[in-house]
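*Asks:* Handing over run02.cif, mmCIF, C-alpha atoms.
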```
data_final
#
loop_
_atom_site.label_atom_id
_atom_site.label_comp_id
_atom_site.auth_asym_id
_atom_site.auth_seq_id
_atom_site.Cartn_x
_atom_site.Cartn_y
_atom_site.Cartn_z
CA MET A 64 45.99 -25.42 -56.09
CA LYS A 65 47.32 -24.38 -52.69
CA VAL A 66 44.44 -21.93 -52.28
CA ILE A 67 41.80 -24.58 -52.99
CA LEU A 68 43.51 -27.02 -50.65
CA TYR A 69 43.72 -24.32 -47.94
CA ILE A 70 40.04 -23.35 -48.35
CA SER A 71 38.84 -26.95 -48.29
CA PHE A 72 40.97 -27.70 -45.22
CA THR A 73 39.61 -24.69 -43.29
CA LEU A 74 36.03 -25.54 -44.28
CA LEU A 75 36.56 -29.11 -43.15
CA LEU A 76 38.03 -27.88 -39.89
CA PHE A 77 35.13 -25.46 -39.19
CA THR A 78 32.42 -27.97 -40.08
CA THR A 79 33.90 -30.67 -37.86
CA ASN A 80 34.20 -28.24 -34.95
CA PHE A 81 30.66 -27.03 -35.51
CA PHE A 82 29.16 -30.51 -35.43
CA THR A 83 31.34 -31.88 -32.64
CA GLN A 84 30.68 -29.15 -30.08
CA THR A 85 27.96 -29.89 -27.60
CA ILE A 86 25.78 -27.16 -26.26
CA ASN A 87 25.61 -27.11 -22.48
CA LEU A 88 22.36 -25.82 -21.06
CA LEU A 89 21.97 -24.76 -17.47
CA LYS A 90 18.77 -25.87 -15.85
CA PHE A 91 17.55 -24.41 -12.61
CA LYS A 92 15.11 -26.16 -10.37
CA LYS A 93 12.45 -23.85 -9.01
CA GLU A 94 12.35 -24.19 -5.25
CA ALA A 95 8.84 -23.92 -3.87
CA HIS A 96 10.06 -23.51 -0.28
CA GLN A 97 12.68 -20.82 -0.81
CA LEU A 98 12.42 -17.64 1.23
CA TYR A 99 14.50 -14.48 1.42
CA PHE A 100 15.18 -12.37 4.50
CA PHE A 101 17.83 -9.65 4.43
CA GLN A 102 18.39 -6.00 5.28
CA LYS A 103 17.49 -3.40 2.69
CA LYS A 104 20.63 -1.25 3.22
CA ASN A 105 23.93 -1.52 5.07
CA GLN A 106 23.78 -5.23 5.71
CA ASN A 107 25.56 -5.93 8.99
CA ASP A 108 24.81 -7.10 12.51
CA SER A 109 24.03 -3.61 13.85
CA ILE A 110 20.66 -1.93 13.48
CA PHE A 111 20.31 1.83 13.84
CA LYS A 112 16.85 3.27 14.39
CA ASP A 113 15.37 4.71 11.17
CA GLN A 114 18.56 4.02 9.18
CA ASN A 115 18.88 0.32 8.39
CA ASP A 116 15.83 -1.16 10.10
CA LEU A 117 14.03 -2.20 6.89
CA PHE A 118 14.14 -5.84 5.80
CA TYR A 119 13.07 -7.75 2.72
CA LEU A 120 10.95 -10.77 3.60
CA VAL A 121 9.84 -12.74 0.55
CA ILE A 122 7.98 -15.99 1.10
CA PRO A 123 6.18 -17.92 -1.65
CA ALA A 124 2.41 -17.98 -1.18
CA ASN A 125 2.24 -21.78 -0.98
CA TYR A 126 4.75 -21.70 1.89
CA LYS A 127 3.32 -18.87 4.02
CA ASN A 128 1.08 -21.15 6.09
CA ASN A 129 4.16 -23.07 7.26
CA ILE A 130 6.20 -20.12 8.57
CA ASN A 131 6.50 -18.62 12.06
CA ILE A 132 8.74 -15.65 12.77
CA LEU A 133 9.97 -15.41 16.37
CA LEU A 134 11.57 -12.18 17.62
CA ASP A 135 13.20 -11.32 20.93
CA ASN A 136 13.25 -7.60 21.83
CA GLY A 137 11.70 -6.58 18.54
CA GLN A 138 8.75 -6.73 16.23
CA LEU A 139 8.50 -6.86 12.42
CA ILE A 140 5.69 -4.70 11.08
CA GLU A 141 4.33 -4.39 7.56
CA THR A 142 4.98 -1.39 5.34
CA ASN A 143 3.18 -0.28 2.19
CA ASN A 144 5.31 -2.71 0.19
CA ASP A 145 4.23 -6.33 0.77
CA SER A 146 7.81 -7.62 0.84
CA ILE A 147 9.44 -4.94 3.03
CA PHE A 148 9.07 -5.04 6.80
CA LYS A 149 10.29 -2.60 9.45
CA LEU A 150 12.01 -3.90 12.55
CA ILE A 151 10.94 -2.01 15.66
CA TYR A 152 12.86 -2.41 18.90
CA ILE A 153 10.65 -3.30 21.86
CA GLY A 154 12.88 -4.36 24.75
CA GLY A 155 11.88 -7.11 27.14
CA PHE A 156 9.28 -8.91 25.01
CA LYS A 157 9.10 -11.83 22.60
CA TYR A 158 6.86 -11.67 19.55
CA GLU A 159 5.57 -14.32 17.20
CA SER A 160 4.46 -13.39 13.68
CA PHE A 161 2.77 -15.54 11.06
CA PHE A 162 0.71 -15.40 7.89
CA ASN A 163 -2.95 -16.32 8.17
CA ALA A 164 -5.07 -17.25 5.15
CA VAL A 165 -7.84 -14.70 4.58
CA ASP A 166 -11.43 -15.64 3.84
CA LYS A 167 -12.00 -14.15 0.37
CA VAL A 168 -15.78 -14.00 0.83
CA ASN A 169 -15.60 -11.36 3.58
CA GLN A 170 -13.07 -9.08 1.84
CA ASN A 171 -14.23 -5.69 0.55
CA ASN A 172 -10.90 -4.62 -1.00
CA LEU A 173 -10.47 -4.12 -4.73
CA GLN A 174 -7.21 -6.10 -4.62
CA PRO A 175 -7.63 -8.65 -1.85
CA LYS A 176 -4.56 -10.20 -0.24
CA PRO A 177 -4.64 -14.00 0.15
CA PHE A 178 -2.73 -13.78 3.45
CA GLU A 179 -2.85 -11.52 6.45
CA TYR A 180 0.27 -10.82 8.52
CA LYS A 181 -0.37 -11.12 12.26
CA THR A 182 1.85 -10.50 15.29
CA LEU A 183 1.23 -11.66 18.86
CA ILE A 184 3.13 -11.22 22.14
CA ASN A 185 4.81 -14.49 23.10
CA GLY A 186 6.22 -13.74 26.58
CA PHE A 187 9.20 -11.99 28.10
CA SER A 188 12.65 -11.92 26.53
CA ILE A 189 15.72 -12.95 28.52
CA LEU A 190 18.16 -11.44 26.01
CA GLU A 191 20.21 -8.35 26.80
CA LYS A 192 18.23 -5.16 26.21
CA ASN A 193 20.15 -4.04 23.09
CA ARG A 194 20.08 -7.47 21.38
CA ILE A 195 17.47 -8.56 18.85
CA LYS A 196 17.12 -12.19 17.81
CA ILE A 197 15.08 -13.26 14.79
CA GLN A 198 14.19 -16.88 14.02
CA ILE A 199 12.21 -18.07 11.02
CA ILE A 200 10.75 -21.49 11.69
CA ASN A 201 9.13 -24.08 9.45
CA LYS A 202 6.32 -25.05 11.81
CA LYS A 203 5.31 -28.04 9.68
CA GLU A 204 8.69 -29.71 10.19
CA ASP A 205 9.55 -27.85 13.44
CA VAL A 206 12.92 -26.72 12.05
CA ILE A 207 14.69 -23.36 12.33
CA ILE A 208 15.25 -22.17 8.76
CA LEU A 209 17.08 -18.96 9.60
CA GLU A 210 18.39 -17.27 12.73
CA ASN A 211 19.92 -13.79 12.94
CA ASN A 212 21.19 -11.80 15.92
CA PHE A 213 21.50 -8.02 15.84
CA ILE A 214 22.70 -5.25 18.13
CA TYR A 215 20.28 -2.33 18.30
CA PHE A 216 21.41 1.28 18.60
CA ASN A 217 19.05 4.17 19.24
CA ASN A 218 20.29 7.33 17.47
CA GLN A 219 18.92 9.67 20.10
#
```
As structure tokens, how would this structure be written, given the file I've shared?
*Replies:*
Amino acid sequence: MKVILYISFTLLLFTTNFFTQTINLLKFKKEAHQLYFFQKKNQNDSIFKDQNDLFYLVIPANYKNNINILLDNGQLIETNNDSIFKLIYIGGFKYESFFNAVDKVNQNNLQPKPFEYKTLINGFSILEKNRIKIQIINKKEDVIILENNFIYFNNQ
């Protein structure tokens, strides 16, 4: 009798816990305007030539038309990977980079890119020679999204 009472009590206990527990689901909202910019290795505020001068820059395609990248004393150039850029020190100049939509009719590539990365000189820099300043700007809203300052060291 005790065994049957014990079994029925434990079954009652488990079934009530099973039906009373709520399942919590995590929902994530996909951000259409989210971008990523960070160093590939040794993330700090110092940049050493040919050691930690590679950066990830990931921008959603629907947001690329709205982004300007301003650099003092440096220039971001494309690599073979579409999301990795190399920071090159060029003292005394300001650069502006942006993504330009490409006309698909005039492309001869087998895998055409929808955007072309362009860089233009934007004047003279007033920063110290070993400082590099990077600003990513939302030109649609005229707001600075991200700003980083680095100290550049030449290994030679």
*Asks:* Report as JSON, numbers by chain the full result of the PyMOL selection byres ((chain A and resi 196-213) around 9) when it is applied to this structure.
*Replies:* {"A": [100, 107, 108, 109, 110, 128, 129, 130, 131, 132, 133, 134, 135, 136, 137, 190, 193, 194, 195, 214, 215]}
*Asks:* Starting from the displayed file, determine the output of the PyMOL selection byres ((chain A and resi 114) around 12) and express the residue list as a PyMOL selection string.
*Replies:* chain A and resi 102-106+109-113+115-118+149-151+215-218
*Asks:* Would you compute the distance between CA of Glu179 in chain A and CA of Asn163 in chain A? Give it in Å to one decimal.
*Replies:* 5.1 Å
*Asks:* Counting only C-alpha atoms, figure out which residue out of A:Ile153, A:Ile70, A:Leu98, A:Ile189 gets nearest to Ile122 in chain A.
*Replies:*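 Once distances to Ile122 in chain A are computed over only C-alpha atoms, the minimum belongs to A:Leu98.
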*Asks:* From the set A:Tyr152, A:Pro123, A:Thr73, A:Leu139, which residue has the shortest atom-to-atom contact distance to Gln97 in chain A, counting all atoms listed in the file?
*Replies:*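 The shortest atom-to-atom distance to Gln97 in chain A comes from A:Pro123.
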*Asks:* Could you please determine the separation between CA of Pro177 in chain A and CA of Ser146 in chain A in Å, to one decimal place?
*Replies:*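 Computing the Euclidean distance for CA of Pro177 in chain A and CA of Ser146 in chain A yields 14.0 Å.
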*Asks:* How many Å lie between CA of Leu120 in chain A and CA of Phe148 in chain A, rounded to one decimal?
*Replies:*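 One can read the CA of Leu120 in chain A to CA of Phe148 in chain A distance as 6.8 Å.
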*Asks:* Check the smallest atom-to-atom distance from each of A:Phe178, A:Lys192, A:Val165, A:Tyr158 to Asp145 in chain A using all atoms listed in the file, then report the winner.
*Replies:* A:Phe178
